[in-house]
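S.K.: Sharing a structure here in C-alpha cells format.
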Amino acid sequence: MTEDSNRLIYHRDVTTLIEDSNRLIYNSAKPTPLLANTHRFVDEMCEEAYQKCVEYEQGPGGGDGDVTPDLARMLGYLITEAINDKGQRYISKQILDYSKVDGGFGKLARIYAKHVVGRFIYKEKVGSLMSYFDACCEKDPDYRACNILERLESQNYRCPLTKVTDGHHLILQRRAKDNKDVNFVEEGFGGCLRCVHVAPRFKSHEVTLVVDENPPDGHPVLSLFLLWKNYFFLDIKTLVYGTCTPLYHSILNTIGLECDTGVLFDMMALWLDADTNPETKETEFAFDVALDVAYLSQLERDRYPSRVVLDTMLIPQPRHLKMHASLARVCAWSGVKIYLEKMKAEAEAESLREILEKEKTGWRLAEEGGVEDSDEEENDEPEKRHADEEDENEGTRRGGLGRRRRQMEGDDWRWRVKGQEKEDEEMKETAQLVTQSCADRDGGG
C-alpha cells in the first residue's frame with residue numbers, strides 16, 4: 001500500500017508540498033481480501049458481521065449464490081471504514097439481520113453499492129461544470145456562481161495539488177498589467193480549473209425514496225434518508241440544492257482542481273486522506289494525496305505530491321472529505337468499481353434504447369400521418385419547458401444557466417455568433433499563454 005518516492009519541497013501560496021516516502025498507493029485492479037483480526041471494531045457484533053462478510057467472500061451461502069466476492073468485500077470494508085461508531089454498529093446489525101433471510105445479504109450489498117458507494121463515483125461531468133470565466137461573465141450571478149468565485153479566490157486561483165493557475169484568471173491578470181511586466185513563471189502555469197463537489201447531490205424526490213420495502217423483521221422500511229442518516233449521520237436534505245439548502249454548491253462542499261485532477265477525484269482514483277498516516281493526523285491541515293494506480297500511469301502519478309498542507313485556503317468540510325476518502329478506500333480494496341462501472345454502462349445503454357425506441361415510434365407515426373406537426377410542437381412544449389427548468393436548476397450545461405441557453409436558441413443568431421467568436425478568442429489567448437508559460441519554464445530550467 002506504500003511506495004517509496006523522492007519528492008522535492010516546494011513553497012507556494014496555497015499549499016506546501018512535503019517530502020514523504022510513505023505515499024499512499026492503492027490498486028483497485030488487485031482487490032485486498034478481507035482478513036480477520038486486522039481491524040478495529042466497536043463491539044463483538046461488528047466483528048461478527050465482518051466475519052459474516054468473510055464467509056460470503058470465500059463462498060456465498062444461505063441462498064445468496066449471486067453475491068460476488070467484490071460485493072461481500074465492499075460490505076466488510078464499509079464496516080471497518082465507517083466514519084463513526086454509530087455507523088459501524090448500524091451496518092453491522094443490518095448485515096447480520098439481512099443474512100438470516102434468503103437472498104438478504106445480496107440485496108443489502110446491492111443497496112449500498114447503488115445508493116451509498118455509487119453516489120460518490122462519476123457523480124458529475126467535470127468538464128461541464130461552470131468555469132471561472134463563466135462565473136465572471138454572469139451579469140446577475142446566482143449563489144452557485146458566487147461560491148465558485150469565492151472558492152477559487154480562496155485558493156489564489158490555483159489547484160492545490162498540481163499548482164496550475166486558472167488560465168482565464170491569468171488572462172485577466174495579463175490584461176491588467178503591461179505585458180512586459182508580467183512574470184509568467186511567478187504567476188504559475190495556466191490550465192482549466194473546475195470546482196468539483198465532494199459530497200454528492202440529491203434531488204428533492206429522493207429524500208423520501210424507499211430503497212427496500214421488505215426489510216427483515218424488526219427493521220423499518222428502509223429509505224434513502226434513513227440509510228444516510230444512520231450510516232453517515234448526515235441529513236441528505238442539506239444536499240438537495242435549493243434556495244433554502246445551499247450546502248451542495250457552497251465552499252464547504254467544493255474544491256477547485258485542474259480538470260483532469262477533478263476527473264480523478266470524481267472517479268475516486270485520487271483523494272485527500274487525513275486518517276491513515278499517524279504523522280499526517282498530527283499535522284494541522286495536512287492531507288495525504290492517495291492514488292489508485294489502476295487508473296494512473298507512472299507519469300500521471302509523478303504529477304502529484306505525496307502530502308499537502310492546506311494551511312492558506314478554505315478547506316471543504318472535513319466530514320465530507322472523510323466520507324469521500326473512506327469510500328475511496330472501500331472501492332480500492334474491494335474492487336467494487338468494476339461492478340459499479342458495469343451497472344452504470346447497462347443503465348446508460350437502457351436509457352439510450354428507450355430514447356431510440358421513442359424516436360422510432362415518432363418517425364413511424366409521422367410517416368403514417370397519425371400525428372400532426374402542430375400537435376407534436378404543442379406536446380413538446382411542456383417537455384422543453386421542463387428541460388429548461390432542469391438546466392437552470394442543475395447548471396450542467398457548459399456556458400452557464402438555462403436562461404443563457406434559451407437566449408442562444410432564440411432568433412438573435414448574431415448574438416450567438418458574436419459570443420462564440422469571443423469564446424474562441426479567449427481560448428486562443430489561453431493556449432498562447434500556456435505555451436509561453438511552458439517556454440519560460442523550460443528556458444529557466
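In the C-alpha cells, chains take the letters A, B, ... in the order shown, each chain's residues start at 1, and ligands count up from 1 in the order shown.
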Near range 166-169 of chain A, counting only C-alpha atoms, which residues have an atom at most 7 Å away, once you skip same-chain residues fewer than 3 positions from it, shown as a PDB file with all heavy atoms, in the first residue's frame?
M.R.:
```
ATOM      1  N   PHE A 133     -14.397  31.557 -15.844  1.00  0.00           N
ATOM      2  CA  PHE A 133     -14.783  32.502 -16.891  1.00  0.00           C
ATOM      3  C   PHE A 133     -16.302  32.628 -16.967  1.00  0.00           C
ATOM      4  O   PHE A 133     -16.848  33.722 -17.066  1.00  0.00           O
ATOM      5  CB  PHE A 133     -14.217  32.031 -18.238  1.00  0.00           C
ATOM      6  CG  PHE A 133     -14.679  32.856 -19.412  1.00  0.00           C
ATOM      7  CD1 PHE A 133     -14.164  34.119 -19.630  1.00  0.00           C
ATOM      8  CD2 PHE A 133     -15.627  32.364 -20.290  1.00  0.00           C
ATOM      9  CE1 PHE A 133     -14.584  34.886 -20.710  1.00  0.00           C
ATOM     10  CE2 PHE A 133     -16.057  33.110 -21.369  1.00  0.00           C
ATOM     11  CZ  PHE A 133     -15.527  34.384 -21.580  1.00  0.00           C
ATOM     12  N   TYR A 157      -6.638  31.006  -7.013  1.00  0.00           N
ATOM     13  CA  TYR A 157      -6.936  30.564  -8.382  1.00  0.00           C
ATOM     14  C   TYR A 157      -6.017  29.436  -8.836  1.00  0.00           C
ATOM     15  O   TYR A 157      -5.768  29.269 -10.023  1.00  0.00           O
ATOM     16  CB  TYR A 157      -6.856  31.746  -9.358  1.00  0.00           C
ATOM     17  CG  TYR A 157      -7.729  32.891  -8.937  1.00  0.00           C
ATOM     18  CD1 TYR A 157      -7.201  33.973  -8.232  1.00  0.00           C
ATOM     19  CD2 TYR A 157      -9.089  32.907  -9.205  1.00  0.00           C
ATOM     20  CE1 TYR A 157      -8.014  35.035  -7.814  1.00  0.00           C
ATOM     21  CE2 TYR A 157      -9.904  33.954  -8.793  1.00  0.00           C
ATOM     22  CZ  TYR A 157      -9.354  35.005  -8.095  1.00  0.00           C
ATOM     23  OH  TYR A 157     -10.148  36.041  -7.669  1.00  0.00           O
ATOM     24  N   ARG A 158      -5.501  28.659  -7.875  1.00  0.00           N
ATOM     25  CA  ARG A 158      -4.595  27.557  -8.202  1.00  0.00           C
ATOM     26  C   ARG A 158      -5.136  26.231  -7.704  1.00  0.00           C
ATOM     27  O   ARG A 158      -5.808  26.174  -6.681  1.00  0.00           O
ATOM     28  CB  ARG A 158      -3.220  27.792  -7.571  1.00  0.00           C
ATOM     29  CG  ARG A 158      -2.406  28.866  -8.258  1.00  0.00           C
ATOM     30  CD  ARG A 158      -1.053  29.013  -7.602  1.00  0.00           C
ATOM     31  NE  ARG A 158      -0.253  30.030  -8.273  1.00  0.00           N
ATOM     32  CZ  ARG A 158       0.919  30.463  -7.844  1.00  0.00           C
ATOM     33  NH1 ARG A 158       1.419  29.971  -6.733  1.00  0.00           N
ATOM     34  NH2 ARG A 158       1.585  31.375  -8.505  1.00  0.00           N
ATOM     35  N   LEU A 172      -6.888  37.699 -17.304  1.00  0.00           N
ATOM     36  CA  LEU A 172      -7.306  38.945 -16.659  1.00  0.00           C
ATOM     37  C   LEU A 172      -6.117  39.657 -16.037  1.00  0.00           C
ATOM     38  O   LEU A 172      -6.004  40.886 -16.118  1.00  0.00           O
ATOM     39  CB  LEU A 172      -8.371  38.652 -15.598  1.00  0.00           C
ATOM     40  CG  LEU A 172      -9.701  38.100 -16.114  1.00  0.00           C
ATOM     41  CD1 LEU A 172     -10.644  37.818 -14.953  1.00  0.00           C
ATOM     42  CD2 LEU A 172     -10.346  39.084 -17.088  1.00  0.00           C
ATOM     43  N   GLN A 173      -5.211  38.896 -15.425  1.00  0.00           N
ATOM     44  CA  GLN A 173      -4.015  39.497 -14.858  1.00  0.00           C
ATOM     45  C   GLN A 173      -3.132  40.088 -15.942  1.00  0.00           C
ATOM     46  O   GLN A 173      -2.536  41.148 -15.772  1.00  0.00           O
ATOM     47  CB  GLN A 173      -3.222  38.444 -14.082  1.00  0.00           C
ATOM     48  CG  GLN A 173      -3.915  37.933 -12.829  1.00  0.00           C
ATOM     49  CD  GLN A 173      -4.042  39.028 -11.778  1.00  0.00           C
ATOM     50  OE1 GLN A 173      -5.095  39.642 -11.630  1.00  0.00           O
ATOM     51  NE2 GLN A 173      -2.956  39.279 -11.075  1.00  0.00           N
ATOM     52  N   GLY A 190      -0.597  27.870 -16.721  1.00  0.00           N
ATOM     53  CA  GLY A 190      -2.025  28.042 -16.961  1.00  0.00           C
ATOM     54  C   GLY A 190      -2.734  26.736 -17.266  1.00  0.00           C
ATOM     55  O   GLY A 190      -2.153  25.821 -17.843  1.00  0.00           O
ATOM     56  N   GLY A 191      -3.994  26.652 -16.872  1.00  0.00           N
ATOM     57  CA  GLY A 191      -4.808  25.475 -17.154  1.00  0.00           C
ATOM     58  C   GLY A 191      -6.268  25.773 -16.877  1.00  0.00           C
ATOM     59  O   GLY A 191      -6.649  26.918 -16.633  1.00  0.00           O
ATOM     60  N   CYS A 192      -7.088  24.749 -16.903  1.00  0.00           N
ATOM     61  CA  CYS A 192      -8.527  24.906 -16.667  1.00  0.00           C
ATOM     62  C   CYS A 192      -8.885  24.309 -15.310  1.00  0.00           C
ATOM     63  O   CYS A 192      -8.625  23.128 -15.070  1.00  0.00           O
ATOM     64  CB  CYS A 192      -9.328  24.204 -17.768  1.00  0.00           C
ATOM     65  SG  CYS A 192      -9.068  24.887 -19.419  1.00  0.00           S
ATOM     66  N   LEU A 193      -9.465  25.118 -14.434  1.00  0.00           N
ATOM     67  CA  LEU A 193      -9.883  24.671 -13.109  1.00  0.00           C
ATOM     68  C   LEU A 193     -11.395  24.559 -13.049  1.00  0.00           C
ATOM     69  O   LEU A 193     -12.110  25.326 -13.689  1.00  0.00           O
ATOM     70  CB  LEU A 193      -9.392  25.638 -12.024  1.00  0.00           C
ATOM     71  CG  LEU A 193      -8.046  25.317 -11.357  1.00  0.00           C
ATOM     72  CD1 LEU A 193      -6.922  25.384 -12.382  1.00  0.00           C
ATOM     73  CD2 LEU A 193      -7.763  26.284 -10.220  1.00  0.00           C
ATOM     74  N   THR A 430      -5.710  31.752 -24.079  1.00  0.00           N
ATOM     75  CA  THR A 430      -5.310  30.790 -23.050  1.00  0.00           C
ATOM     76  C   THR A 430      -4.219  29.870 -23.584  1.00  0.00           C
ATOM     77  O   THR A 430      -3.223  29.604 -22.903  1.00  0.00           O
ATOM     78  CB  THR A 430      -6.515  29.953 -22.600  1.00  0.00           C
ATOM     79  OG1 THR A 430      -7.525  30.828 -22.100  1.00  0.00           O
ATOM     80  CG2 THR A 430      -6.113  28.960 -21.516  1.00  0.00           C
TER      81      THR A 430
END
```
S.K.: What does the distance from CA of Val126 in chain A to CA of Val263 in chain A come to in Å, to one decimal?
M.R.: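 For CA of Val126 in chain A relative to CA of Val263 in chain A, the distance reads 6.1 Å.
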S.K.: With only C-alpha atoms as the basis for distance, which of A:Pro316, A:Gly262, A:Gly76, A:Gly106 is at the shortest distance from Gln155 in chain A?
M.R.: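 So, comparing all the options, the nearest one is A:Pro316.
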S.K.: I'd like to know which residues of range 81-320 of chain A are strand (DSSP E or B) (by DSSP, run on the backbone); could you write them as an MDAnalysis selection string?
M.R.: chainID A and resid 158 165:166 190:191 193:197 202 210:212 222:223 240 254:258 270:273 286:292 307:309
S.K.: Between range 40-138 of chain A and range 343-361 of chain A, at 10 Å or less, what are the per-residue closest atom pairs and their distances in Å? Count only C-alpha atoms, order by chain and rising residue number, and return it as JSON lines.
M.R.:
```
{"residue": "A:Ala113", "atom": "CA", "partner": "A:Met343", "partner_atom": "CA", "distance": 10.0}
{"residue": "A:Lys114", "atom": "CA", "partner": "A:Met343", "partner_atom": "CA", "distance": 8.9}
{"residue": "A:Gly118", "atom": "CA", "partner": "A:Lys344", "partner_atom": "CA", "distance": 9.1}
{"residue": "A:Tyr122", "atom": "CA", "partner": "A:Lys344", "partner_atom": "CA", "distance": 9.2}
```
S.K.: Residues within 8 Å of range 206-208 of chain A, please, as a ChimeraX atom specification. Count only C-alpha atoms; anything in the same chain fewer than 6 positions from it doesn't count.
M.R.: /A:223-225,236-237
S.K.: For those residues, write N, CA and C atoms to a file as a tab-separated table (two decimals), in the first residue's frame.
M.R.:
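Everything below was put into again_28.tsv:
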```
chain	number	residue	atom	x	y	z
A	223	SER	N	-35.47	3.68	3.82
A	223	SER	CA	-35.47	4.79	2.86
A	223	SER	C	-34.05	5.30	2.67
A	224	LEU	N	-33.85	6.04	1.59
A	224	LEU	CA	-32.53	6.62	1.34
A	224	LEU	C	-32.14	7.58	2.45
A	225	PHE	N	-33.13	8.31	2.95
A	225	PHE	CA	-32.88	9.26	4.03
A	225	PHE	C	-32.36	8.55	5.28
A	236	ILE	N	-29.56	14.08	4.24
A	236	ILE	CA	-29.39	14.32	2.81
A	236	ILE	C	-30.21	15.52	2.33
A	237	LYS	N	-31.15	15.99	3.14
A	237	LYS	CA	-31.91	17.18	2.74
A	237	LYS	C	-31.00	18.38	2.61
```
S.K.: For a test of reading the model, state the distance in Å between CA of Lys100 in chain A and CA of Cys53 in chain A, rounded to one decimal.
M.R.: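 Computing the Euclidean distance for CA of Lys100 in chain A and CA of Cys53 in chain A yields 12.9 Å.
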S.K.: Could you give me, as a list of chain:residue names, the residues within 9 Å of Asp235 in chain A, counting only C-alpha atoms and dropping anything in the same chain fewer than 4 positions from it?
M.R.: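 The filter keeps A:Phe225, A:Leu226, A:Trp228, A:Lys229, A:Leu239.
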S.K.: Using CA of Ile91 in chain A and CA of His324 in chain A as the two end points, give the distance in Å to one decimal.
M.R.: 17.7 Å
S.K.: As a PyMOL selection string, please: the residues near Leu78 in chain A (cut-off 12 Å, only C-alpha atoms, same-chain neighbours under 2 positions excluded).
M.R.: chain A and resi 34+39+41+46+49-50+53+71-76+80-85+87-92+94-95+109+112-113+116-117+231-232+323+325-334+336
S.K.: Would you write out those residues with C-alpha atoms, as an mmCIF file, in the first residue's frame?
M.R.:
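Written output follows (out_38.cif):
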```cif
data_model
loop_
_atom_site.group_PDB
_atom_site.id
_atom_site.type_symbol
_atom_site.label_atom_id
_atom_site.label_comp_id
_atom_site.auth_asym_id
_atom_site.auth_seq_id
_atom_site.Cartn_x
_atom_site.Cartn_y
_atom_site.Cartn_z
ATOM 1 C CA LEU A 34 -10.958 -9.474 3.953
ATOM 2 C CA HIS A 39 -9.262 -4.019 12.109
ATOM 3 C CA PHE A 41 -14.326 -2.974 15.821
ATOM 4 C CA CYS A 46 -19.442 -5.573 14.459
ATOM 5 C CA ALA A 49 -20.804 -9.020 10.954
ATOM 6 C CA TYR A 50 -17.336 -8.608 9.453
ATOM 7 C CA CYS A 53 -18.736 -10.898 5.073
ATOM 8 C CA LEU A 71 -19.831 -7.068 -3.080
ATOM 9 C CA ALA A 72 -19.028 -9.115 0.031
ATOM 10 C CA ARG A 73 -15.698 -7.296 0.404
ATOM 11 C CA MET A 74 -17.470 -3.968 -0.062
ATOM 12 C CA LEU A 75 -19.804 -4.611 2.893
ATOM 13 C CA GLY A 76 -16.892 -5.822 5.017
ATOM 14 C CA THR A 80 -14.219 -1.051 9.057
ATOM 15 C CA GLU A 81 -14.256 2.282 7.207
ATOM 16 C CA ALA A 82 -17.396 3.712 8.830
ATOM 17 C CA ILE A 83 -16.636 7.299 9.824
ATOM 18 C CA ASN A 84 -18.165 6.905 13.299
ATOM 19 C CA ASP A 85 -19.037 4.168 15.790
ATOM 20 C CA GLY A 87 -22.391 3.938 11.553
ATOM 21 C CA GLN A 88 -20.335 0.794 12.183
ATOM 22 C CA ARG A 89 -22.960 -0.607 14.546
ATOM 23 C CA TYR A 90 -25.777 0.292 12.150
ATOM 24 C CA ILE A 91 -24.411 -1.511 9.092
ATOM 25 C CA SER A 92 -23.224 -4.463 11.214
ATOM 26 C CA GLN A 94 -28.128 -4.803 9.051
ATOM 27 C CA ILE A 95 -25.660 -7.376 7.735
ATOM 28 C CA ALA A 109 -24.973 -5.333 -0.758
ATOM 29 C CA TYR A 112 -25.194 0.002 -0.503
ATOM 30 C CA ALA A 113 -23.441 -0.316 -3.862
ATOM 31 C CA VAL A 116 -24.067 4.827 -0.965
ATOM 32 C CA VAL A 117 -20.822 3.946 -2.769
ATOM 33 C CA TYR A 231 -24.562 5.280 8.391
ATOM 34 C CA PHE A 232 -23.014 8.718 7.831
ATOM 35 C CA MET A 323 -16.663 10.369 3.716
ATOM 36 C CA ALA A 325 -11.764 9.168 1.495
ATOM 37 C CA SER A 326 -13.362 6.265 3.382
ATOM 38 C CA LEU A 327 -15.482 5.218 0.391
ATOM 39 C CA ALA A 328 -12.493 5.621 -1.927
ATOM 40 C CA ARG A 329 -10.583 3.134 0.224
ATOM 41 C CA VAL A 330 -13.593 0.792 0.175
ATOM 42 C CA CYS A 331 -13.620 0.930 -3.638
ATOM 43 C CA ALA A 332 -9.863 0.392 -3.919
ATOM 44 C CA TRP A 333 -9.737 -2.555 -1.524
ATOM 45 C CA SER A 334 -12.953 -4.318 -2.574
ATOM 46 C CA VAL A 336 -16.381 -2.950 -6.492
#
```
